[in-house]
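This report concerns only the one structure given below.
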Amino acid sequence: MKIFAPVLSACLFAGAAHAQLTPFELSKDKNYTATYARVISYYTKLAKTNPQMKLINYGTTDIGKPLTLVVLSRDKVFDPAAIKKQNKRVLLINNGIHPGEPEGIDASMMFARDLLKKNALPKNVVICIVALYNIDGSLNRGLSRINQNGPSAYGFRGNSRNLDLNRDFIKVDSRNTIALETIINTGTLKYF
């Protein structure tokens, strides 16, 4: 029994540490990027163990999935009015406008995890991360740029209506952009 307890503890610790790794870090293929489902699953698990993190869904994209905002707050203040009252600044990171350019998606998962793990969230800043903006394009995985060296499979530039969301910030033809504008206009960012 004395041997079993340390072994069990070591296994549980290793499992917890392993669970914090991003899908990219877990992949044996270093030319891999996370799927939409794995991105949302990762952030959901991270939020369950970190009270300084909250996931907030805004509207729906053209494919019908909610636009997920990851909010990191050192003081666990997630209400926009309270953030304004405390005179905090808000940093917005928008990931996956073109899922064929996925580095930011993977890097933001690592960034959020590392800030939380090290208890290194800035005191006067709330960090907001759009987990994956072009969900539609991300779900349409494959190879769409023959001259691009990796990743091995990634999303398509256009969304489900074949709109390039990088060109839609002014026109606002997509539900993705409407959801993002909701974040900016009625969320924590409207004050800045």
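In the structure tokens, chains take letters A, B, ... by order of appearance, with residues numbered from 1 within each chain and ligands from 1 in the order shown.
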
Sort by chain and increasing residue number a table of all residues of stretch 84-176 of chain A within 12 Å of stretch 53-68 of chain A, each with its closest pair of atoms and their distance in Å to one decimal, counting only C-alpha atoms, and write it as JSON lines.
{"residue": "A:Asn94", "atom": "CA", "partner": "A:Thr68", "partner_atom": "CA", "distance": 10.7}
{"residue": "A:Asn95", "atom": "CA", "partner": "A:Thr68", "partner_atom": "CA", "distance": 10.8}
{"residue": "A:Gly96", "atom": "CA", "partner": "A:Leu67", "partner_atom": "CA", "distance": 11.6}
{"residue": "A:Ala112", "atom": "CA", "partner": "A:Met53", "partner_atom": "CA", "distance": 8.8}
{"residue": "A:Arg113", "atom": "CA", "partner": "A:Met53", "partner_atom": "CA", "distance": 9.9}
{"residue": "A:Leu115", "atom": "CA", "partner": "A:Met53", "partner_atom": "CA", "distance": 10.5}
{"residue": "A:Leu116", "atom": "CA", "partner": "A:Met53", "partner_atom": "CA", "distance": 8.2}
{"residue": "A:Lys117", "atom": "CA", "partner": "A:Met53", "partner_atom": "CA", "distance": 11.5}
{"residue": "A:Asn119", "atom": "CA", "partner": "A:Met53", "partner_atom": "CA", "distance": 11.6}
{"residue": "A:Leu121", "atom": "CA", "partner": "A:Met53", "partner_atom": "CA", "distance": 10.4}
{"residue": "A:Val126", "atom": "CA", "partner": "A:Met53", "partner_atom": "CA", "distance": 10.1}
{"residue": "A:Ile127", "atom": "CA", "partner": "A:Met53", "partner_atom": "CA", "distance": 9.5}
{"residue": "A:Cys128", "atom": "CA", "partner": "A:Leu55", "partner_atom": "CA", "distance": 9.6}
{"residue": "A:Ile129", "atom": "CA", "partner": "A:Thr68", "partner_atom": "CA", "distance": 8.4}
{"residue": "A:Val130", "atom": "CA", "partner": "A:Thr68", "partner_atom": "CA", "distance": 6.0}
{"residue": "A:Ala131", "atom": "CA", "partner": "A:Thr68", "partner_atom": "CA", "distance": 5.9}
{"residue": "A:Leu132", "atom": "CA", "partner": "A:Thr68", "partner_atom": "CA", "distance": 7.3}
{"residue": "A:Tyr133", "atom": "CA", "partner": "A:Leu67", "partner_atom": "CA", "distance": 6.7}
{"residue": "A:Asn134", "atom": "CA", "partner": "A:Thr61", "partner_atom": "CA", "distance": 8.0}
{"residue": "A:Ile135", "atom": "CA", "partner": "A:Thr61", "partner_atom": "CA", "distance": 7.3}
{"residue": "A:Asp136", "atom": "CA", "partner": "A:Ile63", "partner_atom": "CA", "distance": 5.7}
{"residue": "A:Gly137", "atom": "CA", "partner": "A:Ile63", "partner_atom": "CA", "distance": 9.3}
{"residue": "A:Ser138", "atom": "CA", "partner": "A:Ile63", "partner_atom": "CA", "distance": 10.8}
{"residue": "A:Leu139", "atom": "CA", "partner": "A:Ile63", "partner_atom": "CA", "distance": 9.4}
{"residue": "A:Asn140", "atom": "CA", "partner": "A:Ile63", "partner_atom": "CA", "distance": 10.9}
{"residue": "A:Gly158", "atom": "CA", "partner": "A:Asp62", "partner_atom": "CA", "distance": 11.2}
{"residue": "A:Asn159", "atom": "CA", "partner": "A:Asp62", "partner_atom": "CA", "distance": 7.5}
{"residue": "A:Ser160", "atom": "CA", "partner": "A:Ile63", "partner_atom": "CA", "distance": 6.2}
{"residue": "A:Arg161", "atom": "CA", "partner": "A:Asp62", "partner_atom": "CA", "distance": 7.2}
{"residue": "A:Asn162", "atom": "CA", "partner": "A:Asp62", "partner_atom": "CA", "distance": 10.1}
{"residue": "A:Leu163", "atom": "CA", "partner": "A:Asp62", "partner_atom": "CA", "distance": 9.9}
{"residue": "A:Leu165", "atom": "CA", "partner": "A:Asp62", "partner_atom": "CA", "distance": 11.0}
{"residue": "A:Val172", "atom": "CA", "partner": "A:Asp62", "partner_atom": "CA", "distance": 11.8}
{"residue": "A:Asp173", "atom": "CA", "partner": "A:Asp62", "partner_atom": "CA", "distance": 9.8}
{"residue": "A:Ser174", "atom": "CA", "partner": "A:Asp62", "partner_atom": "CA", "distance": 6.3}
{"residue": "A:Arg175", "atom": "CA", "partner": "A:Thr61", "partner_atom": "CA", "distance": 4.8}
{"residue": "A:Asn176", "atom": "CA", "partner": "A:Thr61", "partner_atom": "CA", "distance": 4.4}

Write out the residues from the selection above, keeping N, CA, C and O atoms, as a compact mmCIF listing (two decimals), in the first residue's frame.
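Resulting contents of out_16.txt:
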# COMPACT_ATOMS: atom_id res chain seq x y z
N ASN A 94 -7.76 38.42 -31.71
CA ASN A 94 -8.70 37.76 -32.61
C ASN A 94 -7.96 36.69 -33.39
O ASN A 94 -7.04 36.99 -34.15
N ASN A 95 -8.35 35.44 -33.21
CA ASN A 95 -7.67 34.30 -33.83
C ASN A 95 -8.47 33.68 -34.95
O ASN A 95 -9.69 33.58 -34.87
N GLY A 96 -7.77 33.22 -35.96
CA GLY A 96 -8.39 32.37 -36.98
C GLY A 96 -9.28 33.10 -37.95
O GLY A 96 -10.25 32.53 -38.41
N ALA A 112 -2.67 31.72 -22.86
CA ALA A 112 -3.67 31.74 -21.77
C ALA A 112 -3.26 30.77 -20.67
O ALA A 112 -3.27 31.12 -19.48
N ARG A 113 -2.90 29.56 -21.05
CA ARG A 113 -2.49 28.56 -20.07
C ARG A 113 -1.30 29.03 -19.24
O ARG A 113 -1.29 28.93 -18.03
N LEU A 115 -0.14 32.11 -18.69
CA LEU A 115 -0.47 33.23 -17.80
C LEU A 115 -1.20 32.74 -16.55
O LEU A 115 -0.90 33.17 -15.44
N LEU A 116 -2.14 31.82 -16.74
CA LEU A 116 -2.90 31.29 -15.61
C LEU A 116 -2.02 30.42 -14.71
O LEU A 116 -2.06 30.54 -13.49
N LYS A 117 -1.23 29.55 -15.32
CA LYS A 117 -0.37 28.63 -14.56
C LYS A 117 0.64 29.39 -13.70
O LYS A 117 0.90 29.01 -12.56
N ASN A 119 0.24 32.43 -12.66
CA ASN A 119 -0.46 33.51 -11.97
C ASN A 119 0.12 34.87 -12.39
O ASN A 119 0.44 35.72 -11.57
N LEU A 121 -1.28 37.07 -14.77
CA LEU A 121 -2.18 38.00 -15.44
C LEU A 121 -1.89 39.42 -14.96
O LEU A 121 -1.73 39.64 -13.76
N VAL A 126 -7.48 43.29 -18.73
CA VAL A 126 -8.31 42.12 -18.96
C VAL A 126 -8.00 41.66 -20.38
O VAL A 126 -8.02 42.47 -21.32
N ILE A 127 -7.66 40.40 -20.53
CA ILE A 127 -7.30 39.86 -21.84
C ILE A 127 -8.49 39.08 -22.39
O ILE A 127 -9.01 38.18 -21.75
N CYS A 128 -8.91 39.47 -23.58
CA CYS A 128 -10.03 38.82 -24.27
C CYS A 128 -9.49 38.16 -25.54
O CYS A 128 -8.86 38.82 -26.36
N ILE A 129 -9.76 36.88 -25.68
CA ILE A 129 -9.26 36.11 -26.83
C ILE A 129 -10.45 35.51 -27.57
O ILE A 129 -11.22 34.75 -26.99
N VAL A 130 -10.61 35.88 -28.84
CA VAL A 130 -11.58 35.18 -29.67
C VAL A 130 -10.93 33.84 -30.01
O VAL A 130 -9.91 33.79 -30.69
N ALA A 131 -11.51 32.77 -29.49
CA ALA A 131 -10.89 31.44 -29.61
C ALA A 131 -10.63 31.08 -31.06
O ALA A 131 -9.53 30.66 -31.43
N LEU A 132 -11.62 31.27 -31.91
CA LEU A 132 -11.50 30.98 -33.34
C LEU A 132 -12.61 31.75 -34.05
O LEU A 132 -13.78 31.45 -33.89
N TYR A 133 -12.23 32.76 -34.80
CA TYR A 133 -13.20 33.67 -35.42
C TYR A 133 -13.91 33.03 -36.61
O TYR A 133 -15.12 33.05 -36.70
N ASN A 134 -13.16 32.47 -37.53
CA ASN A 134 -13.76 31.85 -38.72
C ASN A 134 -13.98 30.36 -38.45
O ASN A 134 -13.27 29.51 -38.97
N ILE A 135 -14.97 30.08 -37.63
CA ILE A 135 -15.29 28.70 -37.28
C ILE A 135 -15.67 27.91 -38.53
O ILE A 135 -15.23 26.78 -38.73
N ASP A 136 -16.46 28.55 -39.37
CA ASP A 136 -16.94 27.91 -40.60
C ASP A 136 -15.76 27.41 -41.44
O ASP A 136 -15.72 26.26 -41.86
N GLY A 137 -14.80 28.30 -41.68
CA GLY A 137 -13.63 27.94 -42.47
C GLY A 137 -12.79 26.88 -41.79
O GLY A 137 -12.20 26.02 -42.44
N SER A 138 -12.73 26.92 -40.46
CA SER A 138 -11.96 25.93 -39.72
C SER A 138 -12.57 24.54 -39.83
O SER A 138 -11.84 23.54 -39.86
N LEU A 139 -13.88 24.47 -39.88
CA LEU A 139 -14.55 23.17 -40.01
C LEU A 139 -14.34 22.57 -41.40
O LEU A 139 -14.47 21.37 -41.59
N ASN A 140 -14.03 23.42 -42.36
CA ASN A 140 -13.78 23.00 -43.74
C ASN A 140 -12.28 22.74 -43.90
O ASN A 140 -11.57 23.49 -44.54
N GLY A 158 -12.23 31.22 -46.68
CA GLY A 158 -13.60 31.72 -46.65
C GLY A 158 -14.43 30.99 -45.62
O GLY A 158 -14.14 29.87 -45.23
N ASN A 159 -15.53 31.65 -45.18
CA ASN A 159 -16.42 30.98 -44.23
C ASN A 159 -17.45 30.16 -45.02
O ASN A 159 -17.29 29.95 -46.22
N SER A 160 -18.51 29.72 -44.38
CA SER A 160 -19.47 28.84 -45.04
C SER A 160 -20.21 29.53 -46.19
O SER A 160 -20.73 28.86 -47.06
N ARG A 161 -20.19 30.85 -46.20
CA ARG A 161 -20.79 31.61 -47.32
C ARG A 161 -19.71 32.10 -48.28
O ARG A 161 -19.96 32.94 -49.12
N ASN A 162 -18.50 31.57 -48.10
CA ASN A 162 -17.33 31.92 -48.90
C ASN A 162 -16.95 33.40 -48.78
O ASN A 162 -16.44 34.00 -49.72
N LEU A 163 -17.21 33.97 -47.62
CA LEU A 163 -16.80 35.35 -47.35
C LEU A 163 -15.43 35.34 -46.68
O LEU A 163 -15.19 34.54 -45.77
N LEU A 165 -13.49 36.83 -44.09
CA LEU A 165 -13.84 37.64 -42.92
C LEU A 165 -12.86 38.78 -42.67
O LEU A 165 -13.20 39.75 -42.01
N VAL A 172 -19.84 44.04 -42.90
CA VAL A 172 -20.62 43.27 -41.93
C VAL A 172 -21.70 42.42 -42.63
O VAL A 172 -22.87 42.48 -42.31
N ASP A 173 -21.24 41.63 -43.59
CA ASP A 173 -22.14 40.72 -44.29
C ASP A 173 -22.32 39.40 -43.56
O ASP A 173 -23.29 38.68 -43.81
N SER A 174 -21.40 39.04 -42.69
CA SER A 174 -21.46 37.73 -42.04
C SER A 174 -21.95 37.83 -40.60
O SER A 174 -21.80 38.87 -39.95
N ARG A 175 -22.53 36.73 -40.14
CA ARG A 175 -22.94 36.67 -38.73
C ARG A 175 -21.73 36.64 -37.81
O ARG A 175 -21.81 37.06 -36.67
N ASN A 176 -20.60 36.16 -38.33
CA ASN A 176 -19.36 36.16 -37.55
C ASN A 176 -19.02 37.60 -37.14
O ASN A 176 -18.69 37.86 -35.99

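Those residues in stretch 92-140 of chain A carrying a DSSP assignment of helix (DSSP H, G or I), computed from the backbone, are Glu103, Gly104, Ile105, Asp106, Ala107, Ser108, Met109, Met110, Phe111, Ala112, Arg113, Asp114, Leu115, Leu116, Lys117, Ile135, Asp136, Gly137, Ser138 and Leu139 of chain A.
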
May I have the selected residues written with N, CA and C atoms, as a compact mmCIF listing (two decimals), in the first residue's frame?
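Dumped everything to out.txt:
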# COMPACT_ATOMS: atom_id res chain seq x y z
N GLU A 103 -1.39 29.78 -36.67
CA GLU A 103 -0.42 29.87 -35.58
C GLU A 103 -0.97 30.59 -34.35
N GLY A 104 -1.73 31.65 -34.56
CA GLY A 104 -2.28 32.41 -33.43
C GLY A 104 -3.25 31.60 -32.59
N ILE A 105 -4.00 30.72 -33.21
CA ILE A 105 -4.95 29.88 -32.49
C ILE A 105 -4.20 29.02 -31.47
N ASP A 106 -3.16 28.35 -31.94
CA ASP A 106 -2.36 27.47 -31.08
C ASP A 106 -1.58 28.29 -30.04
N ALA A 107 -1.00 29.40 -30.48
CA ALA A 107 -0.20 30.24 -29.57
C ALA A 107 -1.07 30.84 -28.46
N SER A 108 -2.30 31.22 -28.77
CA SER A 108 -3.18 31.82 -27.76
C SER A 108 -3.58 30.82 -26.68
N MET A 109 -3.75 29.55 -27.07
CA MET A 109 -4.05 28.53 -26.06
C MET A 109 -2.87 28.41 -25.09
N MET A 110 -1.65 28.40 -25.62
CA MET A 110 -0.46 28.32 -24.78
C MET A 110 -0.31 29.59 -23.92
N PHE A 111 -0.56 30.74 -24.52
CA PHE A 111 -0.45 32.03 -23.83
C PHE A 111 -1.40 32.08 -22.63
N ALA A 112 -2.67 31.72 -22.86
CA ALA A 112 -3.67 31.74 -21.77
C ALA A 112 -3.26 30.77 -20.67
N ARG A 113 -2.90 29.56 -21.05
CA ARG A 113 -2.49 28.56 -20.07
C ARG A 113 -1.30 29.03 -19.24
N ASP A 114 -0.28 29.57 -19.91
CA ASP A 114 0.93 29.98 -19.21
C ASP A 114 0.68 31.15 -18.26
N LEU A 115 -0.14 32.11 -18.69
CA LEU A 115 -0.47 33.23 -17.80
C LEU A 115 -1.20 32.74 -16.55
N LEU A 116 -2.14 31.82 -16.74
CA LEU A 116 -2.90 31.29 -15.61
C LEU A 116 -2.02 30.42 -14.71
N LYS A 117 -1.23 29.55 -15.32
CA LYS A 117 -0.37 28.63 -14.56
C LYS A 117 0.64 29.39 -13.70
N ILE A 135 -14.97 30.08 -37.63
CA ILE A 135 -15.29 28.70 -37.28
C ILE A 135 -15.67 27.91 -38.53
N ASP A 136 -16.46 28.55 -39.37
CA ASP A 136 -16.94 27.91 -40.60
C ASP A 136 -15.76 27.41 -41.44
N GLY A 137 -14.80 28.30 -41.68
CA GLY A 137 -13.63 27.94 -42.47
C GLY A 137 -12.79 26.88 -41.79
N SER A 138 -12.73 26.92 -40.46
CA SER A 138 -11.96 25.93 -39.72
C SER A 138 -12.57 24.54 -39.83
N LEU A 139 -13.88 24.47 -39.88
CA LEU A 139 -14.55 23.17 -40.01
C LEU A 139 -14.34 22.57 -41.40

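Between A:Phe169 and the candidates A:Thr33, A:Arg157, A:Ile97, A:Ala120, the tightest atom-to-atom separation, counting only C-alpha atoms, involves A:Ile97.
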
Selection near A:Leu46, 9 Å with only C-alpha atoms, sequence-local residues under 3 positions removed, as a short mmCIF file (atom, residue, chain, number, x, y, z; two decimals) with all heavy atoms, in the first residue's frame:
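Okay, around-v1.cif is ready:
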data_model
loop_
_atom_site.label_atom_id
_atom_site.label_comp_id
_atom_site.auth_asym_id
_atom_site.auth_seq_id
_atom_site.Cartn_x
_atom_site.Cartn_y
_atom_site.Cartn_z
N ALA A 19 -2.94 17.09 -19.24
CA ALA A 19 -4.22 17.70 -19.64
C ALA A 19 -4.06 19.18 -19.97
O ALA A 19 -4.85 19.73 -20.70
CB ALA A 19 -5.25 17.51 -18.54
N GLN A 20 -3.03 19.82 -19.43
CA GLN A 20 -2.82 21.24 -19.69
C GLN A 20 -2.12 21.49 -21.02
O GLN A 20 -2.05 22.62 -21.47
CB GLN A 20 -2.00 21.87 -18.55
CG GLN A 20 -2.71 21.86 -17.22
CD GLN A 20 -3.91 22.80 -17.19
OE1 GLN A 20 -3.86 23.89 -17.73
NE2 GLN A 20 -4.98 22.38 -16.56
N SER A 41 -12.83 22.54 -26.65
CA SER A 41 -12.66 21.58 -25.57
C SER A 41 -11.50 21.97 -24.67
O SER A 41 -11.61 21.90 -23.43
CB SER A 41 -12.43 20.18 -26.16
OG SER A 41 -12.12 19.25 -25.15
N TYR A 42 -10.40 22.40 -25.26
CA TYR A 42 -9.24 22.80 -24.47
C TYR A 42 -9.58 23.97 -23.56
O TYR A 42 -9.31 23.95 -22.36
CB TYR A 42 -8.06 23.16 -25.38
CG TYR A 42 -6.85 23.60 -24.60
CD1 TYR A 42 -6.00 22.65 -24.04
CD2 TYR A 42 -6.57 24.94 -24.39
CE1 TYR A 42 -4.90 23.03 -23.30
CE2 TYR A 42 -5.48 25.32 -23.65
CZ TYR A 42 -4.64 24.38 -23.10
OH TYR A 42 -3.56 24.75 -22.36
N TYR A 43 -10.18 25.01 -24.13
CA TYR A 43 -10.53 26.19 -23.33
C TYR A 43 -11.57 25.86 -22.25
O TYR A 43 -11.52 26.39 -21.15
CB TYR A 43 -11.04 27.33 -24.22
CG TYR A 43 -9.94 28.12 -24.87
CD1 TYR A 43 -9.91 28.29 -26.25
CD2 TYR A 43 -8.93 28.74 -24.12
CE1 TYR A 43 -8.91 29.04 -26.87
CE2 TYR A 43 -7.94 29.49 -24.73
CZ TYR A 43 -7.94 29.64 -26.09
OH TYR A 43 -6.94 30.38 -26.69
N THR A 49 -10.81 24.74 -14.34
CA THR A 49 -9.81 24.68 -13.27
C THR A 49 -9.19 26.04 -12.95
O THR A 49 -8.28 26.11 -12.13
CB THR A 49 -8.68 23.69 -13.65
OG1 THR A 49 -8.06 24.13 -14.86
CG2 THR A 49 -9.22 22.29 -13.82
N ASN A 50 -9.66 27.10 -13.60
CA ASN A 50 -9.08 28.42 -13.40
C ASN A 50 -10.17 29.48 -13.22
O ASN A 50 -10.79 29.90 -14.20
CB ASN A 50 -8.20 28.80 -14.61
CG ASN A 50 -6.96 27.97 -14.68
OD1 ASN A 50 -6.01 28.20 -13.95
ND2 ASN A 50 -6.95 26.97 -15.56
N MET A 53 -10.57 32.77 -15.37
CA MET A 53 -10.92 32.61 -16.79
C MET A 53 -12.41 32.33 -16.93
O MET A 53 -12.99 31.58 -16.15
CB MET A 53 -10.11 31.46 -17.39
CG MET A 53 -10.43 31.15 -18.82
SD MET A 53 -9.34 29.80 -19.37
CE MET A 53 -10.08 29.45 -20.94
N ALA A 112 -2.67 31.72 -22.86
CA ALA A 112 -3.67 31.74 -21.77
C ALA A 112 -3.26 30.77 -20.67
O ALA A 112 -3.27 31.12 -19.48
CB ALA A 112 -5.05 31.39 -22.32
N ARG A 113 -2.90 29.56 -21.05
CA ARG A 113 -2.49 28.56 -20.07
C ARG A 113 -1.30 29.03 -19.24
O ARG A 113 -1.29 28.93 -18.03
CB ARG A 113 -2.14 27.26 -20.79
CG ARG A 113 -1.65 26.18 -19.82
CD ARG A 113 -0.62 25.23 -20.36
NE ARG A 113 0.48 25.82 -21.06
CZ ARG A 113 1.01 25.28 -22.17
NH1 ARG A 113 0.54 24.16 -22.68
NH2 ARG A 113 2.04 25.86 -22.76
#

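Going from atom CA of A:Lys45 over to atom CA of A:Gln86, you cover 28.4 Å.
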
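One finds atom CA of A:Val39 at 8.4 Å from atom CA of A:Thr22.
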